[in-house]
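Novice: Sharing a structure, written as structure tokens. Questions coming.
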Amino acid sequence: MRSVLGILLLAAGLSAQTTNAPSDPVRTVVGRLELARYKAHIKGLTQFGDRMQGTERNRDAIDWLEKQLQSFGYSNVERHRFMSSSGPLENIYATKIGTITPGEMYIISAHMDGRGGGEAADDDGSGCAVVLELARVLGMADVQTNRSVRFIFWNNEEFGMDGSGTYAHERAPLQGTAAEPKWLGIIQHDMMMFDHGMPPGPKQSPNADINIEYQRSSTMADDSAKLAAALQAANRSYAQYPATIGANMAGTDSIRFEDLAASVSVRENERITGIIRGSNPHHHEPTDKYENYAEEDFRFGFNSAQTTLGALGQLAGISLARSR
Ligand SMILES: [Zn+2]
């Protein structure tokens with residue numbers, strides 16, 4: 001009798017432990033990221049070709065992004081219109097509203113335009129897919145963040161970075177008002193799939209790493225270095241490929257924020273020592289197509305989603321609502 005009761009109590013105890021469990025909500029939420037979905041986001045964007053600014057392909061891709069964000073539960077998708085040197089364009093974004101301090105936010109971004117006449121799959125479908133997959137997981141009904149998180153898809157990075165530039169210029173003075181939460185940091189993702197080493201070989205390099213860069217000569221260098229360190233720490237806990245920090249952020253939208261808020265870029269390679277020296281032979285070429293990337297390339301990009309979401313766990317404060 002006694003032993004049966006003991007077993008029953010033990011079983012009840014164990015099951016209570018399992019249902020009350022999630023000791024690390026960040027790990028639980030990072031575990032909801034899906035490689036297949038990451039790939040599907042890239043596939044979805046590449047259906048619009050290179051999405052060059054000013055084209056119908058670009059406008060159709062924005063409509064598609066809006067539908068995706070709405071399908072993840074965001075009812076606050078907004079377009080930021082701006083005048084580019086080539087005519088009117090739009091950035092698009094949605095915001096996860098913080099439950100404790102909604103007036104402070106992190107910006108998670110990538111650029112939705114591309115060039116080269118192919119599909120701009122890596123540059124920057126791969127970064128947009130990181131942003132989409134984070135928006136999807138953070139949009140789940142039981143996920144809460146203490147601070148707000150804004151998912152922004154910049155337009156016209158390729159020919160002037162004026163989507164991000166106009167947003168930064170117009171909104172910086174509005175920070176802390178009802179019109180714009182205060183910027184705690186911006187994390188830009190630009191080219192996230194191809195680190196085959198130098199010179200580029202046929203396969204993902206055994207030494208492939210994510211390159212997190214800030215700009216040492218910017219006003220916000222100290223805060224930016226801290227943001228980079230937070231990403232690297234999260235990378236160690238939640239991702240597979242390692243992350244390396246550099247101080248030469250260049251050639252992507254986050255530079256528009258470097259004197260205004262903590263700003264980093266996350267990329268497959270350093271801009272100066274890798275990308276502009278040809279580390280990715282598809283860069284701005286018609287061959288930057290979905291079909292030209294292998295499973296391990298997609299996995300590398302997915303690793304970046306794990307890294308940034310893990311960091312947001314600490315930075316924005318992720319928790320799970322108790323199920324009833
Ligand atoms: Zn790019």
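Naming scheme: A, B, ... for chains in displayed order of the structure tokens; residues 1 onward per chain; ligands 1 onward as shown.
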Give me the residues near region 83-85 of chain A as a list in words, where near means some atom within 10 Å (using only C-alpha atoms) and where sequence neighbours in that chain fewer than 4 positions away do not count.

Specialist: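 What passes the distance filter is Gln53, Gly54, Leu89, Glu90, Asn155, Asn156, Phe159, Gly160, Met161, Asp162, Gly163 and Thr166 of chain A.
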
Novice: With C-alpha atoms retained, export the selected residues as a short mmCIF file (atom, residue, chain, number, x, y, z; two decimals), in the first residue's frame.

Specialist:
```
data_model
loop_
_atom_site.label_atom_id
_atom_site.label_comp_id
_atom_site.auth_asym_id
_atom_site.auth_seq_id
_atom_site.Cartn_x
_atom_site.Cartn_y
_atom_site.Cartn_z
CA GLN A 53 13.89 50.08 -55.45
CA GLY A 54 11.42 51.91 -57.67
CA LEU A 89 9.52 54.76 -51.57
CA GLU A 90 8.42 53.00 -48.38
CA ASN A 155 13.99 50.22 -48.61
CA ASN A 156 16.78 51.41 -50.91
CA PHE A 159 21.49 53.01 -53.76
CA GLY A 160 21.87 55.39 -50.83
CA MET A 161 20.59 53.85 -47.58
CA ASP A 162 17.99 56.59 -47.58
CA GLY A 163 15.16 54.47 -46.15
CA THR A 166 15.37 59.26 -43.52
#
```

Novice: For ligand 1, list the contacting residues at 10 Å or closer, counting only C-alpha atoms and all ligand atoms, as a short mmCIF file (atom, residue, chain, number, x, y, z; two decimals) with C-alpha atoms, in the first residue's frame.

Specialist:
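For reference, selection_6.cif as written:
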```cif
data_model
loop_
_atom_site.label_atom_id
_atom_site.label_comp_id
_atom_site.auth_asym_id
_atom_site.auth_seq_id
_atom_site.Cartn_x
_atom_site.Cartn_y
_atom_site.Cartn_z
CA ALA A 110 17.24 44.15 -42.70
CA HIS A 111 16.85 45.70 -46.15
CA MET A 112 14.08 44.42 -48.41
CA ASP A 113 15.43 45.92 -51.65
CA GLY A 114 18.15 44.27 -53.70
CA ARG A 115 20.01 44.48 -56.97
CA ALA A 120 18.83 39.02 -54.00
CA ASP A 122 21.49 36.40 -49.73
CA ASP A 123 21.57 40.21 -50.05
CA ASP A 124 19.30 40.62 -48.32
CA GLY A 125 16.53 38.01 -48.43
CA SER A 126 18.56 36.09 -45.86
CA GLY A 127 18.56 39.03 -43.41
CA ASN A 156 16.78 51.41 -50.91
CA GLU A 157 19.77 50.28 -48.92
CA GLU A 158 21.50 49.54 -52.20
CA MET A 161 20.59 53.85 -47.58
CA GLN A 188 20.84 45.10 -38.67
CA HIS A 189 21.11 41.78 -40.57
CA ASP A 190 22.62 42.01 -44.04
CA MET A 191 23.89 38.92 -45.96
CA MET A 192 23.52 35.98 -43.62
CA GLY A 251 28.06 49.62 -45.84
CA THR A 252 24.67 48.80 -44.33
CA ASP A 253 21.68 50.60 -42.84
CA ARG A 267 26.72 39.60 -41.36
CA HIS A 283 27.09 39.44 -54.24
CA HIS A 284 25.05 41.82 -56.47
#
```

Novice: Please, which residues of region 53-114 of chain A, numbered as in this document, come out strand (DSSP E) from DSSP, as a PDB file with N, CA and C atoms, in the first residue's frame?

Specialist:
```
ATOM      1  N   GLU A  78       2.999  49.216 -40.228  1.00  0.00           N
ATOM      2  CA  GLU A  78       3.004  50.596 -40.712  1.00  0.00           C
ATOM      3  C   GLU A  78       3.998  50.767 -41.846  1.00  0.00           C
ATOM      4  N   ARG A  79       3.710  51.741 -42.684  1.00  0.00           N
ATOM      5  CA  ARG A  79       4.641  52.077 -43.763  1.00  0.00           C
ATOM      6  C   ARG A  79       5.201  53.465 -43.506  1.00  0.00           C
ATOM      7  N   HIS A  80       6.485  53.582 -43.667  1.00  0.00           N
ATOM      8  CA  HIS A  80       7.140  54.884 -43.522  1.00  0.00           C
ATOM      9  C   HIS A  80       7.518  55.362 -44.919  1.00  0.00           C
ATOM     10  N   ARG A  81       6.785  56.366 -45.400  1.00  0.00           N
ATOM     11  CA  ARG A  81       7.040  56.861 -46.756  1.00  0.00           C
ATOM     12  C   ARG A  81       8.159  57.886 -46.734  1.00  0.00           C
ATOM     13  N   PHE A  82       8.985  57.841 -47.741  1.00  0.00           N
ATOM     14  CA  PHE A  82      10.060  58.837 -47.831  1.00  0.00           C
ATOM     15  C   PHE A  82      10.361  59.122 -49.295  1.00  0.00           C
ATOM     16  N   MET A  83      10.998  60.247 -49.526  1.00  0.00           N
ATOM     17  CA  MET A  83      11.339  60.626 -50.885  1.00  0.00           C
ATOM     18  C   MET A  83      12.797  60.272 -51.152  1.00  0.00           C
ATOM     19  N   SER A  84      12.988  59.313 -52.020  1.00  0.00           N
ATOM     20  CA  SER A  84      14.324  58.925 -52.437  1.00  0.00           C
ATOM     21  C   SER A  84      14.719  59.784 -53.632  1.00  0.00           C
ATOM     22  N   GLY A  87      12.569  58.880 -56.402  1.00  0.00           N
ATOM     23  CA  GLY A  87      11.115  58.953 -56.288  1.00  0.00           C
ATOM     24  C   GLY A  87      10.633  58.461 -54.942  1.00  0.00           C
ATOM     25  N   PRO A  88       9.299  58.412 -54.738  1.00  0.00           N
ATOM     26  CA  PRO A  88       8.764  58.004 -53.439  1.00  0.00           C
ATOM     27  C   PRO A  88       8.937  56.503 -53.185  1.00  0.00           C
ATOM     28  N   LEU A  89       9.331  56.155 -51.963  1.00  0.00           N
ATOM     29  CA  LEU A  89       9.519  54.756 -51.566  1.00  0.00           C
ATOM     30  C   LEU A  89       8.960  54.569 -50.158  1.00  0.00           C
ATOM     31  N   GLU A  90       8.931  53.306 -49.718  1.00  0.00           N
ATOM     32  CA  GLU A  90       8.422  53.004 -48.378  1.00  0.00           C
ATOM     33  C   GLU A  90       9.322  52.013 -47.653  1.00  0.00           C
ATOM     34  N   ASN A  91       9.526  52.243 -46.354  1.00  0.00           N
ATOM     35  CA  ASN A  91       9.981  51.192 -45.439  1.00  0.00           C
ATOM     36  C   ASN A  91       8.717  50.578 -44.849  1.00  0.00           C
ATOM     37  N   ILE A  92       8.814  49.380 -44.319  1.00  0.00           N
ATOM     38  CA  ILE A  92       7.643  48.786 -43.662  1.00  0.00           C
ATOM     39  C   ILE A  92       8.071  48.165 -42.338  1.00  0.00           C
ATOM     40  N   TYR A  93       7.214  48.287 -41.323  1.00  0.00           N
ATOM     41  CA  TYR A  93       7.575  47.738 -40.012  1.00  0.00           C
ATOM     42  C   TYR A  93       6.350  47.364 -39.182  1.00  0.00           C
ATOM     43  N   ALA A  94       6.590  46.502 -38.207  1.00  0.00           N
ATOM     44  CA  ALA A  94       5.573  46.154 -37.210  1.00  0.00           C
ATOM     45  C   ALA A  94       6.257  46.159 -35.857  1.00  0.00           C
ATOM     46  N   THR A  95       5.476  46.321 -34.803  1.00  0.00           N
ATOM     47  CA  THR A  95       6.061  46.475 -33.472  1.00  0.00           C
ATOM     48  C   THR A  95       5.423  45.515 -32.470  1.00  0.00           C
ATOM     49  N   LYS A  96       6.276  44.813 -31.750  1.00  0.00           N
ATOM     50  CA  LYS A  96       5.837  44.041 -30.584  1.00  0.00           C
ATOM     51  C   LYS A  96       5.858  45.014 -29.410  1.00  0.00           C
ATOM     52  N   THR A 101       7.795  48.406 -20.264  1.00  0.00           N
ATOM     53  CA  THR A 101       8.226  49.720 -20.749  1.00  0.00           C
ATOM     54  C   THR A 101       8.055  49.805 -22.267  1.00  0.00           C
ATOM     55  N   PRO A 102       6.812  49.996 -22.702  1.00  0.00           N
ATOM     56  CA  PRO A 102       6.533  50.046 -24.145  1.00  0.00           C
ATOM     57  C   PRO A 102       7.217  51.216 -24.850  1.00  0.00           C
ATOM     58  N   GLY A 103       7.592  52.249 -24.081  1.00  0.00           N
ATOM     59  CA  GLY A 103       8.203  53.437 -24.674  1.00  0.00           C
ATOM     60  C   GLY A 103       9.692  53.298 -24.949  1.00  0.00           C
ATOM     61  N   GLU A 104      10.249  52.081 -24.733  1.00  0.00           N
ATOM     62  CA  GLU A 104      11.648  51.823 -25.083  1.00  0.00           C
ATOM     63  C   GLU A 104      11.687  50.644 -26.037  1.00  0.00           C
ATOM     64  N   MET A 105      12.526  50.736 -27.064  1.00  0.00           N
ATOM     65  CA  MET A 105      12.501  49.612 -28.013  1.00  0.00           C
ATOM     66  C   MET A 105      13.863  49.301 -28.641  1.00  0.00           C
ATOM     67  N   TYR A 106      13.972  48.066 -29.067  1.00  0.00           N
ATOM     68  CA  TYR A 106      15.064  47.622 -29.933  1.00  0.00           C
ATOM     69  C   TYR A 106      14.531  47.539 -31.353  1.00  0.00           C
ATOM     70  N   ILE A 107      15.375  47.930 -32.298  1.00  0.00           N
ATOM     71  CA  ILE A 107      15.027  47.814 -33.712  1.00  0.00           C
ATOM     72  C   ILE A 107      15.782  46.621 -34.292  1.00  0.00           C
ATOM     73  N   ILE A 108      15.026  45.703 -34.892  1.00  0.00           N
ATOM     74  CA  ILE A 108      15.599  44.524 -35.544  1.00  0.00           C
ATOM     75  C   ILE A 108      15.322  44.697 -37.030  1.00  0.00           C
ATOM     76  N   SER A 109      16.373  44.752 -37.836  1.00  0.00           N
ATOM     77  CA  SER A 109      16.146  45.185 -39.216  1.00  0.00           C
ATOM     78  C   SER A 109      16.962  44.427 -40.260  1.00  0.00           C
ATOM     79  N   ALA A 110      16.554  44.657 -41.510  1.00  0.00           N
ATOM     80  CA  ALA A 110      17.238  44.148 -42.699  1.00  0.00           C
ATOM     81  C   ALA A 110      16.736  45.007 -43.859  1.00  0.00           C
ATOM     82  N   HIS A 111      17.371  44.900 -45.030  1.00  0.00           N
ATOM     83  CA  HIS A 111      16.847  45.702 -46.154  1.00  0.00           C
ATOM     84  C   HIS A 111      16.134  44.812 -47.166  1.00  0.00           C
TER      85      HIS A 111
END
```

Novice: DSSP on the backbone, alpha helix (DSSP H) only: what residues of region 190-228 of chain A does that give? Format it as a ChimeraX atom specification.

Specialist: /A:221-228

Novice: Excluding same-chain residues fewer than 6 positions from Ile245 (chain A), what lies within 7 Å of it counting only C-alpha atoms, as a list in words?

Specialist: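 After dropping sequence-adjacent residues, the list is Asn211, Ile212, Glu213 and Ala228 of chain A.
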
Novice: So how many Å separate CA of Thr219 (chain A) and CA of Gly246 (chain A), to one decimal?

Specialist: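 A separation of 16.4 Å between them.
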
Novice: CA of Leu35 (chain A) and CA of Ser23 (chain A), how far apart in Å?

Specialist: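 Atom-to-atom, CA of Ser23 (chain A) to CA of Leu35 (chain A), that is 23.9 Å.
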
Novice: If you count only C-alpha atoms, which residues fall within 6 Å of Asp288 (chain A), apart from same-chain ones fewer than 2 positions away, as a PDB file with C-alpha atoms, in the first residue's frame?

Specialist:
```pdb
ATOM      1  CA  GLY A 118      18.748  37.725 -59.800  1.00  0.00           C
ATOM      2  CA  GLU A 119      16.743  37.159 -56.621  1.00  0.00           C
ATOM      3  CA  ALA A 120      18.830  39.020 -54.004  1.00  0.00           C
ATOM      4  CA  ALA A 121      18.483  35.850 -51.941  1.00  0.00           C
ATOM      5  CA  HIS A 282      26.983  35.961 -55.819  1.00  0.00           C
ATOM      6  CA  GLU A 285      25.130  39.204 -59.255  1.00  0.00           C
ATOM      7  CA  PRO A 286      22.291  37.492 -61.161  1.00  0.00           C
TER       8      PRO A 286
END
```

Novice: What's around Ala250 (chain A) at 12 Å? Count only C-alpha atoms, leave out sequence neighbours fewer than 6 positions away in its own chain, and write the answer as a compact mmCIF listing (two decimals) with all heavy atoms, in the first residue's frame.

Specialist:
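The result, stored in out_24.txt:
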```
# COMPACT_ATOMS: atom_id res chain seq x y z
N MET A 161 20.99 54.04 -48.98
CA MET A 161 20.59 53.85 -47.58
C MET A 161 19.70 54.99 -47.11
O MET A 161 19.83 55.46 -45.97
CB MET A 161 21.83 53.74 -46.67
CG MET A 161 22.61 52.46 -46.91
SD MET A 161 23.97 52.29 -45.76
CE MET A 161 25.34 52.75 -46.81
N GLN A 188 21.10 45.24 -37.24
CA GLN A 188 20.84 45.10 -38.67
C GLN A 188 21.41 43.76 -39.16
O GLN A 188 22.51 43.37 -38.75
CB GLN A 188 21.50 46.28 -39.41
CG GLN A 188 21.67 46.10 -40.91
CD GLN A 188 20.42 46.48 -41.71
OE1 GLN A 188 19.35 46.73 -41.15
NE2 GLN A 188 20.55 46.52 -43.02
N ASP A 190 22.41 41.74 -42.62
CA ASP A 190 22.62 42.01 -44.04
C ASP A 190 23.62 41.00 -44.62
O ASP A 190 24.82 41.12 -44.39
CB ASP A 190 23.14 43.45 -44.22
CG ASP A 190 23.11 43.90 -45.67
OD1 ASP A 190 22.78 43.08 -46.55
OD2 ASP A 190 23.43 45.07 -45.92
N ILE A 212 29.76 40.26 -36.10
CA ILE A 212 29.00 41.34 -35.48
C ILE A 212 29.93 42.55 -35.47
O ILE A 212 31.04 42.47 -34.94
CB ILE A 212 28.62 40.99 -34.03
CG1 ILE A 212 27.82 39.68 -34.00
CG2 ILE A 212 27.85 42.13 -33.39
CD1 ILE A 212 27.73 39.08 -32.61
N GLU A 213 29.49 43.62 -36.08
CA GLU A 213 30.36 44.80 -36.12
C GLU A 213 29.66 46.04 -35.56
O GLU A 213 28.47 46.22 -35.72
CB GLU A 213 30.81 45.08 -37.56
CG GLU A 213 31.69 43.97 -38.12
CD GLU A 213 32.41 44.40 -39.39
OE1 GLU A 213 33.40 45.15 -39.26
OE2 GLU A 213 31.95 44.02 -40.48
N TYR A 214 30.46 46.86 -34.89
CA TYR A 214 30.02 48.21 -34.51
C TYR A 214 31.06 49.16 -35.07
O TYR A 214 32.05 48.71 -35.67
CB TYR A 214 29.88 48.32 -32.98
CG TYR A 214 31.17 48.23 -32.21
CD1 TYR A 214 31.84 49.38 -31.80
CD2 TYR A 214 31.74 46.99 -31.91
CE1 TYR A 214 33.04 49.30 -31.11
CE2 TYR A 214 32.94 46.91 -31.21
CZ TYR A 214 33.59 48.07 -30.81
OH TYR A 214 34.77 48.00 -30.14
N GLN A 215 30.83 50.46 -34.92
CA GLN A 215 31.78 51.42 -35.50
C GLN A 215 32.54 52.13 -34.37
O GLN A 215 31.98 52.92 -33.63
CB GLN A 215 31.05 52.43 -36.38
CG GLN A 215 31.93 53.46 -37.05
CD GLN A 215 33.19 52.87 -37.68
OE1 GLN A 215 34.31 52.96 -37.12
NE2 GLN A 215 33.04 52.22 -38.84
N ARG A 216 33.84 51.83 -34.30
CA ARG A 216 34.64 52.36 -33.18
C ARG A 216 34.75 53.88 -33.23
O ARG A 216 34.92 54.52 -32.20
CB ARG A 216 36.03 51.73 -33.16
CG ARG A 216 36.97 52.18 -34.26
CD ARG A 216 38.41 51.89 -33.91
NE ARG A 216 38.73 50.46 -33.95
CZ ARG A 216 38.98 49.76 -35.07
NH1 ARG A 216 38.94 50.35 -36.25
NH2 ARG A 216 39.28 48.48 -35.02
N SER A 217 34.60 54.48 -34.41
CA SER A 217 34.77 55.94 -34.50
C SER A 217 33.43 56.68 -34.42
O SER A 217 33.35 57.84 -34.76
CB SER A 217 35.49 56.31 -35.79
OG SER A 217 34.67 56.00 -36.90
N SER A 218 32.38 56.00 -33.96
CA SER A 218 31.08 56.66 -33.86
C SER A 218 30.86 57.21 -32.45
O SER A 218 31.52 56.80 -31.50
CB SER A 218 29.95 55.68 -34.20
OG SER A 218 29.89 54.66 -33.23
N ARG A 256 23.44 54.47 -40.27
CA ARG A 256 22.62 55.69 -40.16
C ARG A 256 22.25 56.00 -38.71
O ARG A 256 21.76 57.08 -38.41
CB ARG A 256 21.35 55.55 -41.00
CG ARG A 256 21.61 55.37 -42.49
CD ARG A 256 22.38 56.54 -43.05
NE ARG A 256 22.41 56.56 -44.50
CZ ARG A 256 23.30 57.23 -45.20
NH1 ARG A 256 24.25 57.91 -44.59
NH2 ARG A 256 23.25 57.23 -46.52
N PHE A 257 22.45 55.00 -37.84
CA PHE A 257 22.08 55.16 -36.42
C PHE A 257 23.30 55.25 -35.51
O PHE A 257 23.15 55.41 -34.31
CB PHE A 257 21.21 53.97 -35.98
CG PHE A 257 19.86 53.93 -36.61
CD1 PHE A 257 19.68 53.42 -37.90
CD2 PHE A 257 18.74 54.40 -35.93
CE1 PHE A 257 18.42 53.38 -38.49
CE2 PHE A 257 17.48 54.36 -36.51
CZ PHE A 257 17.32 53.86 -37.80
N GLU A 258 24.50 55.12 -36.07
CA GLU A 258 25.67 54.89 -35.21
C GLU A 258 26.01 56.04 -34.28
O GLU A 258 26.66 55.83 -33.26
CB GLU A 258 26.89 54.53 -36.07
CG GLU A 258 27.38 55.65 -36.95
CD GLU A 258 28.49 55.22 -37.90
OE1 GLU A 258 28.64 54.02 -38.16
OE2 GLU A 258 29.22 56.12 -38.38
N SER A 263 24.40 50.63 -32.06
CA SER A 263 24.14 50.12 -33.42
C SER A 263 25.14 49.05 -33.80
O SER A 263 26.36 49.26 -33.66
CB SER A 263 24.27 51.27 -34.43
OG SER A 263 23.46 52.36 -34.08
N VAL A 264 24.64 47.93 -34.29
CA VAL A 264 25.53 46.88 -34.80
C VAL A 264 24.97 46.32 -36.11
O VAL A 264 23.78 46.39 -36.37
CB VAL A 264 25.71 45.70 -33.80
CG1 VAL A 264 26.33 46.18 -32.50
CG2 VAL A 264 24.40 44.98 -33.54
N SER A 265 25.88 45.76 -36.91
CA SER A 265 25.47 44.98 -38.06
C SER A 265 25.88 43.53 -37.82
O SER A 265 26.90 43.28 -37.19
CB SER A 265 26.11 45.50 -39.35
OG SER A 265 27.50 45.25 -39.35
N VAL A 266 25.04 42.62 -38.28
CA VAL A 266 25.33 41.19 -38.19
C VAL A 266 25.40 40.68 -39.62
O VAL A 266 24.49 40.93 -40.42
CB VAL A 266 24.21 40.46 -37.41
CG1 VAL A 266 24.55 38.99 -37.25
CG2 VAL A 266 23.98 41.10 -36.06
N ARG A 267 26.51 40.00 -39.97
CA ARG A 267 26.72 39.60 -41.36
C ARG A 267 27.47 38.28 -41.45
O ARG A 267 28.05 37.82 -40.47
CB ARG A 267 27.52 40.68 -42.10
CG ARG A 267 27.10 42.08 -41.78
CD ARG A 267 27.81 43.11 -42.63
NE ARG A 267 27.16 43.22 -43.92
CZ ARG A 267 27.21 44.30 -44.69
NH1 ARG A 267 27.87 45.35 -44.31
NH2 ARG A 267 26.61 44.33 -45.85
N ASN A 269 30.14 37.91 -43.16
CA ASN A 269 31.56 38.19 -43.24
C ASN A 269 31.76 39.66 -42.92
O ASN A 269 30.83 40.45 -43.00
CB ASN A 269 32.06 37.91 -44.67
CG ASN A 269 33.38 37.17 -44.66
OD1 ASN A 269 34.30 37.55 -43.94
ND2 ASN A 269 33.48 36.14 -45.47
N GLU A 270 32.99 40.03 -42.58
CA GLU A 270 33.28 41.45 -42.38
C GLU A 270 33.16 42.17 -43.72
O GLU A 270 33.55 41.65 -44.76
CB GLU A 270 34.70 41.63 -41.85
CG GLU A 270 34.82 41.36 -40.38
CD GLU A 270 36.15 41.88 -39.85
OE1 GLU A 270 37.15 41.85 -40.59
OE2 GLU A 270 36.18 42.32 -38.69
N ARG A 271 32.64 43.38 -43.66
CA ARG A 271 32.48 44.16 -44.88
C ARG A 271 33.86 44.44 -45.53
O ARG A 271 34.07 44.18 -46.71
CB ARG A 271 31.79 45.50 -44.53
CG ARG A 271 31.76 46.51 -45.64
CD ARG A 271 30.58 46.31 -46.54
NE ARG A 271 30.59 47.29 -47.63
CZ ARG A 271 29.82 47.20 -48.69
NH1 ARG A 271 28.98 46.19 -48.81
NH2 ARG A 271 29.86 48.10 -49.63
N ILE A 272 34.77 44.96 -44.71
CA ILE A 272 36.04 45.46 -45.25
C ILE A 272 36.98 44.32 -45.67
O ILE A 272 37.57 44.35 -46.75
CB ILE A 272 36.75 46.35 -44.19
CG1 ILE A 272 35.80 47.44 -43.67
CG2 ILE A 272 38.03 46.94 -44.77
CD1 ILE A 272 35.47 48.56 -44.62
N THR A 273 37.11 43.31 -44.82
CA THR A 273 38.09 42.25 -45.12
C THR A 273 37.50 41.10 -45.93
O THR A 273 38.23 40.26 -46.43
CB THR A 273 38.67 41.66 -43.82
OG1 THR A 273 37.58 41.06 -43.08
CG2 THR A 273 39.31 42.73 -42.97
N GLY A 274 36.16 41.06 -46.04
CA GLY A 274 35.55 39.94 -46.73
C GLY A 274 34.67 40.32 -47.90
O GLY A 274 35.02 40.10 -49.07
N ILE A 275 33.53 40.93 -47.59
CA ILE A 275 32.50 41.11 -48.61
C ILE A 275 32.99 41.94 -49.80
O ILE A 275 32.83 41.53 -50.95
CB ILE A 275 31.22 41.73 -47.97
CG1 ILE A 275 30.57 40.68 -47.05
CG2 ILE A 275 30.23 42.18 -49.04
CD1 ILE A 275 29.49 41.20 -46.14
N ILE A 276 33.64 43.08 -49.52
CA ILE A 276 34.06 43.89 -50.68
C ILE A 276 35.30 43.31 -51.37
O ILE A 276 35.70 43.77 -52.43
CB ILE A 276 34.26 45.39 -50.34
CG1 ILE A 276 35.33 45.59 -49.28
CG2 ILE A 276 32.96 46.04 -49.90
CD1 ILE A 276 35.61 47.07 -49.02
```

Novice: Mind checking which residues fall within 7 Å of Phe194 (chain A), counting only C-alpha atoms, ignoring those fewer than 3 positions away in the same chain, and posting them as a PyMOL selection string?

Specialist: chain A and resi 204+268+280+297

Novice: Which one of A:Arg322, A:Val131, A:Gln314, A:Phe298 sits closest to Arg147 (chain A) if you count only C-alpha atoms?

Specialist: A:Gln314

Novice: Using only C-alpha atoms, pick whichever of A:Leu320, A:Ile255, A:Leu309, A:Ala208 has the shortest atom-to-atom distance to Glu296 (chain A).

Specialist: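 Selected residue with least distance to Glu296 (chain A): A:Ala208.
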
Novice: Check the smallest atom-to-atom distance from each of A:Ile97, A:Asn207, A:Arg32, A:Ala262 to Asp222 (chain A) using only C-alpha atoms, then report the winner.

Specialist: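 Under the stated criterion, the closest residue is A:Ala262.
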
Novice: Could you tell me how far CA of Tyr167 (chain A) lies from CA of Met220 (chain A), in Å and to one decimal?

Specialist: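 Distance between the two atoms: 17.9 Å.
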